[in-house]
Each structure stands twice: as structure tokens, then as C-alpha cells.
>>> print(open('data27.pdb').read())   # PDB, C-alpha atoms and all ligand atoms
ATOM      1  CA  MET A  13     118.664   3.179 -43.326  1.00  0.00           C
ATOM      2  CA  ASP A  14     117.637   5.301 -40.339  1.00  0.00           C
ATOM      3  CA  VAL A  15     120.424   7.773 -39.512  1.00  0.00           C
ATOM      4  CA  TYR A  16     120.492   6.940 -35.811  1.00  0.00           C
ATOM      5  CA  ASP A  17     120.746   3.198 -36.584  1.00  0.00           C
ATOM      6  CA  ALA A  18     123.534   3.931 -39.077  1.00  0.00           C
ATOM      7  CA  ILE A  19     125.446   5.836 -36.408  1.00  0.00           C
ATOM      8  CA  LYS A  20     124.934   3.292 -33.651  1.00  0.00           C
ATOM      9  CA  GLY A  21     125.763   0.286 -35.823  1.00  0.00           C
ATOM     10  CA  ARG A  22     128.822   1.822 -37.461  1.00  0.00           C
ATOM     11  CA  ARG A  23     132.232   0.462 -36.565  1.00  0.00           C
ATOM     12  CA  THR A  24     135.545   1.029 -38.248  1.00  0.00           C
ATOM     13  CA  ILE A  25     136.120  -1.734 -40.786  1.00  0.00           C
ATOM     14  CA  ARG A  26     139.626  -2.996 -41.589  1.00  0.00           C
ATOM     15  CA  ARG A  27     138.815  -6.281 -43.291  1.00  0.00           C
ATOM     16  CA  PHE A  28     136.868  -6.045 -46.520  1.00  0.00           C
ATOM     17  CA  SER A  29     135.347  -8.436 -49.077  1.00  0.00           C
ATOM     18  CA  GLY A  30     138.099  -7.697 -51.582  1.00  0.00           C
ATOM     19  CA  ALA A  31     135.631  -6.394 -54.189  1.00  0.00           C
ATOM     20  CA  PRO A  32     136.407  -3.121 -55.966  1.00  0.00           C
ATOM     21  CA  VAL A  33     134.321   0.011 -55.351  1.00  0.00           C
ATOM     22  CA  GLY A  34     133.232   1.918 -58.440  1.00  0.00           C
ATOM     23  CA  ILE A  35     134.125   5.557 -59.035  1.00  0.00           C
ATOM     24  CA  ARG A  36     130.450   6.511 -59.326  1.00  0.00           C
ATOM     25  CA  LEU A  37     129.789   5.452 -55.755  1.00  0.00           C
ATOM     26  CA  LEU A  38     132.820   7.433 -54.570  1.00  0.00           C
ATOM     27  CA  THR A  39     131.476  10.423 -56.452  1.00  0.00           C
ATOM     28  CA  ARG A  40     128.252  10.183 -54.459  1.00  0.00           C
ATOM     29  CA  LEU A  41     130.197  10.203 -51.211  1.00  0.00           C
ATOM     30  CA  VAL A  42     132.215  13.274 -52.211  1.00  0.00           C
ATOM     31  CA  ASP A  43     128.991  14.980 -53.257  1.00  0.00           C
ATOM     32  CA  ALA A  44     127.731  14.390 -49.708  1.00  0.00           C
ATOM     33  CA  ALA A  45     130.992  15.757 -48.243  1.00  0.00           C
ATOM     34  CA  ARG A  46     130.637  18.850 -50.411  1.00  0.00           C
ATOM     35  CA  LEU A  47     127.498  19.744 -48.456  1.00  0.00           C
ATOM     36  CA  ALA A  48     128.962  19.208 -44.976  1.00  0.00           C
ATOM     37  CA  PRO A  49     129.183  22.087 -42.486  1.00  0.00           C
ATOM     38  CA  SER A  50     132.186  24.382 -42.998  1.00  0.00           C
ATOM     39  CA  GLY A  51     133.537  27.048 -40.640  1.00  0.00           C
ATOM     40  CA  GLY A  52     132.721  30.463 -42.134  1.00  0.00           C
ATOM     41  CA  ASN A  53     131.509  28.428 -45.120  1.00  0.00           C
ATOM     42  CA  CYS A  54     135.071  28.834 -46.461  1.00  0.00           C
ATOM     43  CA  GLN A  55     135.066  25.289 -47.965  1.00  0.00           C
ATOM     44  CA  PRO A  56     138.801  24.663 -48.133  1.00  0.00           C
ATOM     45  CA  LEU A  57     138.509  20.927 -48.851  1.00  0.00           C
ATOM     46  CA  GLU A  58     139.020  18.958 -52.050  1.00  0.00           C
ATOM     47  CA  PHE A  59     139.016  15.199 -52.455  1.00  0.00           C
ATOM     48  CA  ILE A  60     140.766  12.567 -54.544  1.00  0.00           C
ATOM     49  CA  ALA A  61     138.599   9.527 -55.253  1.00  0.00           C
ATOM     50  CA  VAL A  62     140.690   6.463 -56.025  1.00  0.00           C
ATOM     51  CA  SER A  63     139.035   3.325 -57.390  1.00  0.00           C
ATOM     52  CA  LYS A  64     141.589   1.812 -59.813  1.00  0.00           C
ATOM     53  CA  PRO A  65     142.836  -1.406 -58.167  1.00  0.00           C
ATOM     54  CA  GLU A  66     146.536  -0.808 -58.930  1.00  0.00           C
ATOM     55  CA  LEU A  67     146.368   2.699 -57.471  1.00  0.00           C
ATOM     56  CA  VAL A  68     144.364   1.494 -54.454  1.00  0.00           C
ATOM     57  CA  ALA A  69     147.055  -1.131 -53.801  1.00  0.00           C
ATOM     58  CA  LYS A  70     149.779   1.528 -53.971  1.00  0.00           C
ATOM     59  CA  LEU A  71     147.964   3.749 -51.478  1.00  0.00           C
ATOM     60  CA  ALA A  72     147.334   0.784 -49.186  1.00  0.00           C
ATOM     61  CA  SER A  73     151.093   0.288 -48.859  1.00  0.00           C
ATOM     62  CA  HIS A  74     151.395   3.746 -47.250  1.00  0.00           C
ATOM     63  CA  VAL A  75     148.783   3.424 -44.480  1.00  0.00           C
ATOM     64  CA  LYS A  76     148.979   1.775 -41.066  1.00  0.00           C
ATOM     65  CA  TRP A  77     146.135  -0.250 -39.588  1.00  0.00           C
ATOM     66  CA  ALA A  78     145.007  -0.708 -35.987  1.00  0.00           C
ATOM     67  CA  ALA A  79     148.152   0.273 -34.080  1.00  0.00           C
ATOM     68  CA  TYR A  80     146.947  -1.216 -30.765  1.00  0.00           C
ATOM     69  CA  ILE A  81     146.812  -4.736 -32.159  1.00  0.00           C
ATOM     70  CA  HIS A  82     149.437  -4.599 -34.896  1.00  0.00           C
ATOM     71  CA  PRO A  83     149.706  -6.734 -37.013  1.00  0.00           C
ATOM     72  CA  ALA A  84     146.416  -8.481 -36.172  1.00  0.00           C
ATOM     73  CA  GLY A  85     144.384  -5.537 -37.510  1.00  0.00           C
ATOM     74  CA  ASN A  86     145.955  -5.547 -40.970  1.00  0.00           C
ATOM     75  CA  PRO A  87     143.568  -6.648 -43.714  1.00  0.00           C
ATOM     76  CA  PRO A  88     144.536 -10.179 -44.803  1.00  0.00           C
ATOM     77  CA  ASP A  89     145.820 -10.633 -48.374  1.00  0.00           C
ATOM     78  CA  GLY A  90     143.023 -10.019 -50.854  1.00  0.00           C
ATOM     79  CA  ARG A  91     140.789  -8.431 -48.198  1.00  0.00           C
ATOM     80  CA  GLY A  92     142.042  -4.848 -48.423  1.00  0.00           C
ATOM     81  CA  PRO A  93     139.909  -1.801 -49.215  1.00  0.00           C
ATOM     82  CA  GLY A  94     138.320  -1.452 -52.648  1.00  0.00           C
ATOM     83  CA  ALA A  95     138.813   2.314 -52.754  1.00  0.00           C
ATOM     84  CA  PHE A  96     140.180   5.355 -50.989  1.00  0.00           C
ATOM     85  CA  ILE A  97     139.013   8.940 -50.708  1.00  0.00           C
ATOM     86  CA  VAL A  98     141.827  11.327 -49.834  1.00  0.00           C
ATOM     87  CA  THR A  99     140.955  14.643 -48.164  1.00  0.00           C
ATOM     88  CA  LEU A 100     143.041  17.689 -49.092  1.00  0.00           C
ATOM     89  CA  VAL A 101     143.046  21.155 -47.542  1.00  0.00           C
ATOM     90  CA  ASN A 102     143.730  24.160 -49.757  1.00  0.00           C
ATOM     91  CA  ARG A 103     146.298  26.214 -47.817  1.00  0.00           C
ATOM     92  CA  GLN A 104     145.375  29.379 -49.670  1.00  0.00           C
ATOM     93  CA  ILE A 105     142.001  29.157 -47.932  1.00  0.00           C
ATOM     94  CA  ALA A 106     143.089  27.482 -44.662  1.00  0.00           C
ATOM     95  CA  PRO A 107     146.858  27.953 -44.190  1.00  0.00           C
ATOM     96  CA  ASP A 108     147.015  25.883 -40.972  1.00  0.00           C
ATOM     97  CA  GLY A 109     144.585  23.163 -41.966  1.00  0.00           C
ATOM     98  CA  ALA A 110     140.903  22.814 -41.208  1.00  0.00           C
ATOM     99  CA  PRO A 111     140.421  19.944 -38.743  1.00  0.00           C
ATOM    100  CA  TYR A 112     136.770  20.691 -37.964  1.00  0.00           C
ATOM    101  CA  ASP A 113     135.855  20.914 -41.631  1.00  0.00           C
ATOM    102  CA  VAL A 114     137.736  17.700 -42.344  1.00  0.00           C
ATOM    103  CA  ALA A 115     135.985  15.919 -39.484  1.00  0.00           C
ATOM    104  CA  ALA A 116     132.552  17.056 -40.638  1.00  0.00           C
ATOM    105  CA  ALA A 117     133.248  16.058 -44.240  1.00  0.00           C
ATOM    106  CA  VAL A 118     134.803  12.691 -43.456  1.00  0.00           C
ATOM    107  CA  MET A 119     132.080  11.741 -40.985  1.00  0.00           C
ATOM    108  CA  THR A 120     129.510  12.682 -43.595  1.00  0.00           C
ATOM    109  CA  MET A 121     131.219  10.360 -46.088  1.00  0.00           C
ATOM    110  CA  ILE A 122     131.471   7.577 -43.485  1.00  0.00           C
ATOM    111  CA  LEU A 123     127.719   7.672 -42.861  1.00  0.00           C
ATOM    112  CA  ALA A 124     126.863   8.049 -46.546  1.00  0.00           C
ATOM    113  CA  ALA A 125     129.103   5.045 -47.239  1.00  0.00           C
ATOM    114  CA  ARG A 126     127.296   3.030 -44.596  1.00  0.00           C
ATOM    115  CA  ALA A 127     123.978   3.894 -46.198  1.00  0.00           C
ATOM    116  CA  GLU A 128     125.428   2.499 -49.456  1.00  0.00           C
ATOM    117  CA  GLY A 129     126.481  -0.745 -47.725  1.00  0.00           C
ATOM    118  CA  LEU A 130     130.159   0.175 -47.484  1.00  0.00           C
ATOM    119  CA  GLY A 131     132.414  -0.066 -44.448  1.00  0.00           C
ATOM    120  CA  SER A 132     135.204   2.397 -43.888  1.00  0.00           C
ATOM    121  CA  CYS A 133     138.327   3.242 -41.927  1.00  0.00           C
ATOM    122  CA  TRP A 134     139.319   6.877 -41.434  1.00  0.00           C
ATOM    123  CA  MET A 135     143.108   6.906 -41.376  1.00  0.00           C
ATOM    124  CA  GLY A 136     145.545   9.478 -40.050  1.00  0.00           C
ATOM    125  CA  ASN A 137     148.471   7.142 -39.452  1.00  0.00           C
ATOM    126  CA  ILE A 138     149.670   7.522 -43.023  1.00  0.00           C
ATOM    127  CA  ASP A 139     152.820   8.371 -44.956  1.00  0.00           C
ATOM    128  CA  ARG A 140     151.697  11.753 -46.297  1.00  0.00           C
ATOM    129  CA  PRO A 141     154.711  12.517 -48.515  1.00  0.00           C
ATOM    130  CA  ALA A 142     154.510   9.065 -50.121  1.00  0.00           C
ATOM    131  CA  LEU A 143     150.751   9.341 -50.713  1.00  0.00           C
ATOM    132  CA  ALA A 144     151.133  12.858 -52.143  1.00  0.00           C
ATOM    133  CA  LYS A 145     153.780  11.572 -54.547  1.00  0.00           C
ATOM    134  CA  VAL A 146     151.647   8.658 -55.780  1.00  0.00           C
ATOM    135  CA  LEU A 147     148.695  10.998 -56.316  1.00  0.00           C
ATOM    136  CA  ASN A 148     150.621  13.937 -57.836  1.00  0.00           C
ATOM    137  CA  VAL A 149     149.492  16.326 -55.088  1.00  0.00           C
ATOM    138  CA  PRO A 150     151.616  19.493 -55.318  1.00  0.00           C
ATOM    139  CA  GLY A 151     153.863  19.785 -52.256  1.00  0.00           C
ATOM    140  CA  ASP A 152     153.111  23.429 -51.587  1.00  0.00           C
ATOM    141  CA  GLY A 153     149.609  24.766 -51.344  1.00  0.00           C
ATOM    142  CA  TRP A 154     147.941  21.567 -50.168  1.00  0.00           C
ATOM    143  CA  ILE A 155     147.749  19.644 -46.912  1.00  0.00           C
ATOM    144  CA  LEU A 156     147.033  15.958 -47.376  1.00  0.00           C
ATOM    145  CA  ASP A 157     144.998  15.554 -44.200  1.00  0.00           C
ATOM    146  CA  SER A 158     143.816  11.964 -44.042  1.00  0.00           C
ATOM    147  CA  VAL A 159     142.374   9.136 -46.087  1.00  0.00           C
ATOM    148  CA  LEU A 160     139.185   7.109 -45.934  1.00  0.00           C
ATOM    149  CA  ALA A 161     139.540   3.434 -46.830  1.00  0.00           C
ATOM    150  CA  LEU A 162     136.327   1.960 -48.205  1.00  0.00           C
ATOM    151  CA  GLY A 163     134.947  -1.426 -49.168  1.00  0.00           C
ATOM    152  CA  ILE A 164     132.280  -4.032 -48.635  1.00  0.00           C
ATOM    153  CA  PRO A 165     132.656  -5.044 -44.967  1.00  0.00           C
ATOM    154  CA  GLY A 166     134.361  -8.362 -44.290  1.00  0.00           C
ATOM    155  CA  GLU A 167     134.132  -8.222 -40.501  1.00  0.00           C
ATOM    156  CA  SER A 168     131.584  -7.277 -37.843  1.00  0.00           C
ATOM    157  CA  PRO A 169     133.269  -5.542 -34.898  1.00  0.00           C
ATOM    158  CA  VAL A 170     131.298  -5.121 -31.669  1.00  0.00           C
ATOM    159  CA  THR A 171     131.268  -2.448 -28.986  1.00  0.00           C
ATOM    160  CA  GLU A 172     131.615  -3.143 -25.295  1.00  0.00           C
ATOM    161  CA  PRO A 173     131.511  -0.902 -22.213  1.00  0.00           C
ATOM    162  CA  LEU A 174     134.840   0.779 -21.597  1.00  0.00           C
ATOM    163  CA  ARG A 175     136.228  -0.370 -18.266  1.00  0.00           C
ATOM    164  CA  ASP A 176     140.008  -0.118 -17.793  1.00  0.00           C
ATOM    165  CA  SER A 177     141.409   0.527 -21.247  1.00  0.00           C
ATOM    166  CA  VAL A 178     140.542   2.319 -24.478  1.00  0.00           C
ATOM    167  CA  ARG A 179     142.468  -0.293 -26.458  1.00  0.00           C
ATOM    168  CA  TYR A 180     140.396  -2.291 -28.898  1.00  0.00           C
ATOM    169  CA  TRP A 181     141.185  -6.010 -29.033  1.00  0.00           C
ATOM    170  CA  LYS A 182     140.465  -9.172 -31.018  1.00  0.00           C
ATOM    171  CA  ASP A 183     139.044 -12.328 -29.427  1.00  0.00           C
ATOM    172  CA  ASP A 184     139.998 -15.902 -30.364  1.00  0.00           C
ATOM    173  CA  ALA A 185     137.373 -15.905 -33.124  1.00  0.00           C
ATOM    174  CA  GLY A 186     138.958 -12.801 -34.672  1.00  0.00           C
ATOM    175  CA  VAL A 187     136.103 -10.486 -33.671  1.00  0.00           C
ATOM    176  CA  LEU A 188     137.231  -6.940 -32.946  1.00  0.00           C
ATOM    177  CA  HIS A 189     135.938  -5.492 -29.656  1.00  0.00           C
ATOM    178  CA  VAL A 190     135.815  -1.697 -29.357  1.00  0.00           C
ATOM    179  CA  PRO A 191     135.456  -0.241 -25.838  1.00  0.00           C
ATOM    180  CA  LYS A 192     133.222   2.826 -25.663  1.00  0.00           C
ATOM    181  CA  ARG A 193     132.583   5.100 -22.706  1.00  0.00           C
ATOM    182  CA  LEU A 194     129.124   4.716 -21.189  1.00  0.00           C
ATOM    183  CA  LEU A 195     126.478   7.376 -21.605  1.00  0.00           C
ATOM    184  CA  GLU A 196     126.260   7.977 -17.863  1.00  0.00           C
ATOM    185  CA  ASP A 197     130.023   8.625 -17.764  1.00  0.00           C
ATOM    186  CA  ILE A 198     129.963  11.411 -20.352  1.00  0.00           C
ATOM    187  CA  LEU A 199     126.555  13.049 -20.135  1.00  0.00           C
ATOM    188  CA  HIS A 200     125.952  16.031 -17.814  1.00  0.00           C
ATOM    189  CA  GLU A 201     122.265  16.782 -17.790  1.00  0.00           C
ATOM    190  CA  GLU A 202     121.429  20.471 -17.639  1.00  0.00           C
ATOM    191  CA  THR A 203     124.610  21.569 -15.768  1.00  0.00           C
ATOM    192  CA  PHE A 204     128.120  20.179 -15.183  1.00  0.00           C
TER     193      PHE A 204
HETATM  194  C1  LIG A 301     141.253  11.053 -36.891  1.00  0.00           C
HETATM  195  C2  LIG A 301     141.267   9.541 -36.910  1.00  0.00           C
HETATM  196  C3  LIG A 301     142.363   8.879 -37.405  1.00  0.00           C
HETATM  197  C4  LIG A 301     142.381   7.483 -37.444  1.00  0.00           C
HETATM  198  N1  LIG A 301     143.474   6.862 -37.984  1.00  0.00           N
HETATM  199  C5  LIG A 301     143.472   5.511 -38.067  1.00  0.00           C
HETATM  200  C6  LIG A 301     144.571   4.855 -38.707  1.00  0.00           C
HETATM  201  O1  LIG A 301     145.518   5.472 -39.188  1.00  0.00           O
HETATM  202  N2  LIG A 301     144.530   3.504 -38.784  1.00  0.00           N
HETATM  203  C7  LIG A 301     143.471   2.774 -38.313  1.00  0.00           C
HETATM  204  O2  LIG A 301     143.495   1.555 -38.436  1.00  0.00           O
HETATM  205  N3  LIG A 301     142.416   3.373 -37.720  1.00  0.00           N
HETATM  206  C8  LIG A 301     142.381   4.719 -37.588  1.00  0.00           C
HETATM  207  N4  LIG A 301     141.307   5.352 -37.016  1.00  0.00           N
HETATM  208  C9  LIG A 301     140.150   4.559 -36.553  1.00  0.00           C
HETATM  209  C10 LIG A 301     140.112   4.462 -35.008  1.00  0.00           C
HETATM  210  O3  LIG A 301     141.072   3.535 -34.574  1.00  0.00           O
HETATM  211  C11 LIG A 301     138.693   4.030 -34.588  1.00  0.00           C
HETATM  212  O4  LIG A 301     137.787   5.044 -34.935  1.00  0.00           O
HETATM  213  C12 LIG A 301     138.604   3.746 -33.094  1.00  0.00           C
HETATM  214  O5  LIG A 301     139.356   2.623 -32.752  1.00  0.00           O
HETATM  215  C13 LIG A 301     137.163   3.545 -32.632  1.00  0.00           C
HETATM  216  O6  LIG A 301     136.546   2.524 -33.376  1.00  0.00           O
HETATM  217  P1  LIG A 301     135.171   2.787 -34.135  1.00  0.00           P
HETATM  218  O7  LIG A 301     135.469   3.727 -35.273  1.00  0.00           O
HETATM  219  O8  LIG A 301     134.735   1.446 -34.608  1.00  0.00           O
HETATM  220  O9  LIG A 301     134.215   3.420 -33.175  1.00  0.00           O
HETATM  221  C14 LIG A 301     141.264   6.739 -36.954  1.00  0.00           C
HETATM  222  C15 LIG A 301     140.146   7.428 -36.475  1.00  0.00           C
HETATM  223  C16 LIG A 301     140.137   8.808 -36.463  1.00  0.00           C
HETATM  224  C17 LIG A 301     138.917   9.534 -35.947  1.00  0.00           C
END
>>> encode(input="data27.pdb", output="C-alpha cells", more="lines below")
Ligand SMILES: Cc1cc2nc3c(=O)[nH]c(=O)nc-3n(C[C@H](O)[C@H](O)[C@H](O)COP(=O)(O)O)c2cc1C
Amino acid sequence: MDVYDAIKGRRTIRRFSGAPVGIRLLTRLVDAARLAPSGGNCQPLEFIAVSKPELVAKLASHVKWAAYIHPAGNPPDGRGPGAFIVTLVNRQIAPDGAPYDVAAAVMTMILAARAEGLGSCWMGNIDRPALAKVLNVPGDGWILDSVLALGIPGESPVTEPLRDSVRYWKDDAGVLHVPKRLLEDILHEETF
């Protein structure tokens, strides 16, 4: 898949096929994240790849979906993610977190996932202490930054020009509409 097409066609996916995602595929995504840009090349990130269905279900109970349209954005029963990748920051390397590194790594995984036919939802509205407990992440020394939910897409959200509101919404057919700012509203050519 052409990278530009992958970027333009990507939308956050919150309804999946219900099929599991194998650990080998997750490993490929983390291998891509490993090579993402890193400030000072300090590489403070580590990742937990979770594919076992019972563990995936436990993690899914500690994340919150689509706050603007709650509960309409929750995955229906049996249509939740098939896997999660959890991004951790080593506080010995980055004591206050590493948001740019995380963003570069997670976006890399999102696009790699898309190339593998997977949809994803990057999630920051999560119960970090509960997730850390389920995954045995030591309380000190590590920041549990965010999680990436992954699975075969079970919906096809669309973009629309942003007019009055940034809030995404679902139409009567259940299609998610995502407002995006127009190019002419954000691009300054040559000077401000
Ligand atoms: C840092 C970050 C955290 C996010 N956290 C959540 C979340 O907790 N739950 C959720 O359903 N979506 C979450 N999202 C997805 C956004 O809602 C989504 O990216 C936005 O609505 C735009 O849609 P798009 O990704 O399809 O362009 C998050 C996105 C980012 C970048």
C-alpha cells in the first residue's frame, strides 16, 4: 500500500471483526516502532504486545471509547479489538515521559498496522493503574503512556470538512463521521 494512501485513508477504528490478532503480527509492529525517530536517539520506549483473548478482554475493560458519542462508540459485544500494544516509558531514561517519542512510535505502528490490513485506535483515556496491575508493570520506574487497540476493521468511518465542531458523530446508518480542518485553513505557504 502506498504510504500517502495509507495515511489519507486511515481512520480510527472502534468496531472490529472480532477475530484475534496473532503475536507474530504484533511483533512486526513493535519492530517498526523500534525504528521510529527518537529525541537524542535516547529510545526510552518499551512495548507490551497482548494477543491472548482473555488478557485482551481484561485490558478492554479499562479503556474508554469515543467520549464525544458515548456509548455509541463502544465496540458492540464480540466486536472488540483482537489485540493491544501498550507503550511504556522508562523513567530512568525519560523521567517526565517522552510524548514526542511515543507519538512517533505509535503513529509508526498505526501505519504499519494499516499496511497489514489492521485497524487501530490509539487510546489515552485509560485506567493506567488498573492496566499496569493486569500487566505486572512495576509502579516505579515506568510510565504507562497509552495503548493501541488493534483488529480487523469492522467499520468504515468517513471524513468530512470541519465546519462548526470538532466532534465526530454517527449517522442513522451507524457510520462515523470525522470532521477535519481543510487544507486552506491550516496551510501557510512560504510565510505566515
Ligand atoms: C493521544 C490520543 C489519544 C486518544 N485517546 C482515545 C481514547 O482514549 N479513546 C478513543 O476512543 N479514541 C482516542 N483517540 C482517537 C481520537 O478520538 C481520534 O484520533 C480522533 O477522533 C480523530 O479521528 P481519526 O483518528 O479517525 O482521524 C485518541 C487519539 C490520540 C491521538
>>> residues_around(input="data27.pdb", residues="Lys145 in chain A", least_positions_apart="2", cutoff="12 Å", atoms="only C-alpha atoms", output="PyMOL selection string")
chain A and resi 67+70-71+74+139-143+147-151+156
>>> resolve_selection(input="data27.pdb", expression="the PyMOL selection byres (((not hetatm)) within 10 of (chain A and resi 301))", output="JSON, numbers by chain")
{"A": [19, 20, 21, 22, 23, 24, 25, 26, 75, 76, 77, 78, 79, 80, 81, 82, 85, 86, 87, 111, 114, 115, 118, 119, 122, 132, 133, 134, 135, 136, 137, 138, 139, 157, 158, 159, 160, 161, 168, 169, 170, 171, 178, 179, 180, 181, 188, 189, 190, 191, 192]}
>>> residues_around(input="data27.pdb", residues="Leu47 in chain A", least_positions_apart="5", cutoff="10 Å", atoms="all atoms listed in the file", output="list in words")
Val42, Gln55, Ala116, Ala117 and Thr120 of chain A
>>> atom_distance(input="data27.pdb", atom1="CA of Ala185 in chain A", atom2="CA of Ser29 in chain A")
17.7 Å
>>> atom_distance(input="data27.pdb", atom1="CA of Val187 in chain A", atom2="CA of Pro83 in chain A")
14.5 Å
>>> atom_distance(input="data27.pdb", atom1="CA of Thr99 in chain A", atom2="CA of Pro32 in chain A")
19.9 Å
>>> residues_around(input="data27.pdb", residues="Gly166 in chain A", least_positions_apart="2", cutoff="7 Å", atoms="only C-alpha atoms", output="list of chain:residue names")
A:Arg27, A:Phe28, A:Ser29, A:Ile164
>>> resolve_selection(input="data27.pdb", expression="the PyMOL selection byres (((chain A and resi 95) around 6) and not hetatm)", output="PyMOL selection string")
chain A and resi 33+62-63+68+93-94+96+162
>>> residues_around(input="data27.pdb", residues="Gly52 in chain A", least_positions_apart="6", cutoff="12 Å", atoms="all atoms listed in the file", output="NGL selection string")
:A and (105-106 or 110 or 112-113)
>>> closest_residue(input="data27.pdb", among="A:Thr39, A:Ser177, A:Gln104, A:Thr203", to="Ile60 in chain A", atoms="only C-alpha atoms")
A:Thr39
>>> closest_residue(input="data27.pdb", among="A:Val146, A:Val15, A:Ala72, A:Leu57", to="Arg103 in chain A", atoms="all atoms listed in the file")
A:Leu57
>>> axis_aligned_box(input="data27.pdb", around="range 162-173 of chain A", padding_each_side="8 Å", output="AutoDock Vina command-line options")
--center_x 133.8 --center_y -3.2 --center_z -35.7 --size_x 21.1 --size_y 26.3 --size_z 43.0
>>> closest_residue(input="data27.pdb", among="A:Gly163, A:Phe59, A:Ala48, A:Glu201", to="Leu130 in chain A", atoms="all atoms listed in the file")
A:Gly163
>>> closest_residue(input="data27.pdb", among="A:Gly131, A:Gly51, A:Gly34, A:Pro165", to="Arg91 in chain A", atoms="only C-alpha atoms")
A:Pro165
>>> closest_residue(input="data27.pdb", among="A:Gly153, A:Leu123, A:Arg175, A:Gly90", to="Gly109 in chain A", atoms="all atoms listed in the file")
A:Gly153
>>> closest_residue(input="data27.pdb", among="A:Pro56, A:Pro107, A:Pro65, A:Gly186", to="Gly30 in chain A", atoms="only C-alpha atoms")
A:Pro65
>>> decode(input="data27.pdb", residues="range 61-74 of chain A", atoms="N, CA, C and O atoms", output="PDB file, in the first residue's frame")
ATOM      1  N   ALA A  61       3.090  -6.403  24.019  1.00  0.00           N
ATOM      2  CA  ALA A  61       2.186  -6.893  22.971  1.00  0.00           C
ATOM      3  C   ALA A  61       1.252  -7.928  23.590  1.00  0.00           C
ATOM      4  O   ALA A  61       1.722  -8.921  24.154  1.00  0.00           O
ATOM      5  N   VAL A  62      -0.026  -7.684  23.485  1.00  0.00           N
ATOM      6  CA  VAL A  62      -1.011  -8.554  24.145  1.00  0.00           C
ATOM      7  C   VAL A  62      -1.951  -9.146  23.092  1.00  0.00           C
ATOM      8  O   VAL A  62      -2.704  -8.407  22.438  1.00  0.00           O
ATOM      9  N   SER A  63      -1.899 -10.469  22.950  1.00  0.00           N
ATOM     10  CA  SER A  63      -2.739 -11.125  21.943  1.00  0.00           C
ATOM     11  C   SER A  63      -3.671 -12.173  22.544  1.00  0.00           C
ATOM     12  O   SER A  63      -4.645 -12.577  21.901  1.00  0.00           O
ATOM     13  N   LYS A  64      -3.389 -12.635  23.776  1.00  0.00           N
ATOM     14  CA  LYS A  64      -4.218 -13.698  24.369  1.00  0.00           C
ATOM     15  C   LYS A  64      -5.619 -13.148  24.643  1.00  0.00           C
ATOM     16  O   LYS A  64      -5.752 -12.136  25.359  1.00  0.00           O
ATOM     17  N   PRO A  65      -6.653 -13.806  24.116  1.00  0.00           N
ATOM     18  CA  PRO A  65      -8.012 -13.255  24.200  1.00  0.00           C
ATOM     19  C   PRO A  65      -8.448 -12.897  25.619  1.00  0.00           C
ATOM     20  O   PRO A  65      -9.075 -11.851  25.828  1.00  0.00           O
ATOM     21  N   GLU A  66      -8.093 -13.724  26.627  1.00  0.00           N
ATOM     22  CA  GLU A  66      -8.574 -13.408  27.980  1.00  0.00           C
ATOM     23  C   GLU A  66      -7.886 -12.151  28.526  1.00  0.00           C
ATOM     24  O   GLU A  66      -8.506 -11.345  29.224  1.00  0.00           O
ATOM     25  N   LEU A  67      -6.628 -11.963  28.146  1.00  0.00           N
ATOM     26  CA  LEU A  67      -5.898 -10.776  28.581  1.00  0.00           C
ATOM     27  C   LEU A  67      -6.391  -9.537  27.819  1.00  0.00           C
ATOM     28  O   LEU A  67      -6.554  -8.451  28.400  1.00  0.00           O
ATOM     29  N   VAL A  68      -6.654  -9.716  26.532  1.00  0.00           N
ATOM     30  CA  VAL A  68      -7.190  -8.612  25.715  1.00  0.00           C
ATOM     31  C   VAL A  68      -8.525  -8.147  26.309  1.00  0.00           C
ATOM     32  O   VAL A  68      -8.771  -6.938  26.446  1.00  0.00           O
ATOM     33  N   ALA A  69      -9.364  -9.102  26.703  1.00  0.00           N
ATOM     34  CA  ALA A  69     -10.669  -8.739  27.279  1.00  0.00           C
ATOM     35  C   ALA A  69     -10.486  -7.970  28.579  1.00  0.00           C
ATOM     36  O   ALA A  69     -11.210  -6.999  28.853  1.00  0.00           O
ATOM     37  N   LYS A  70      -9.512  -8.382  29.391  1.00  0.00           N
ATOM     38  CA  LYS A  70      -9.260  -7.668  30.654  1.00  0.00           C
ATOM     39  C   LYS A  70      -8.833  -6.234  30.378  1.00  0.00           C
ATOM     40  O   LYS A  70      -9.318  -5.293  31.010  1.00  0.00           O
ATOM     41  N   LEU A  71      -7.907  -6.064  29.438  1.00  0.00           N
ATOM     42  CA  LEU A  71      -7.447  -4.703  29.114  1.00  0.00           C
ATOM     43  C   LEU A  71      -8.602  -3.865  28.587  1.00  0.00           C
ATOM     44  O   LEU A  71      -8.729  -2.680  28.911  1.00  0.00           O
ATOM     45  N   ALA A  72      -9.443  -4.485  27.764  1.00  0.00           N
ATOM     46  CA  ALA A  72     -10.550  -3.737  27.144  1.00  0.00           C
ATOM     47  C   ALA A  72     -11.503  -3.173  28.190  1.00  0.00           C
ATOM     48  O   ALA A  72     -12.191  -2.178  27.932  1.00  0.00           O
ATOM     49  N   SER A  73     -11.527  -3.786  29.377  1.00  0.00           N
ATOM     50  CA  SER A  73     -12.439  -3.283  30.416  1.00  0.00           C
ATOM     51  C   SER A  73     -11.867  -2.048  31.112  1.00  0.00           C
ATOM     52  O   SER A  73     -12.531  -1.453  31.948  1.00  0.00           O
ATOM     53  N   HIS A  74     -10.644  -1.654  30.765  1.00  0.00           N
ATOM     54  CA  HIS A  74     -10.021  -0.488  31.406  1.00  0.00           C
ATOM     55  C   HIS A  74      -9.727   0.644  30.418  1.00  0.00           C
ATOM     56  O   HIS A  74      -8.886   1.488  30.690  1.00  0.00           O
TER      57      HIS A  74
END
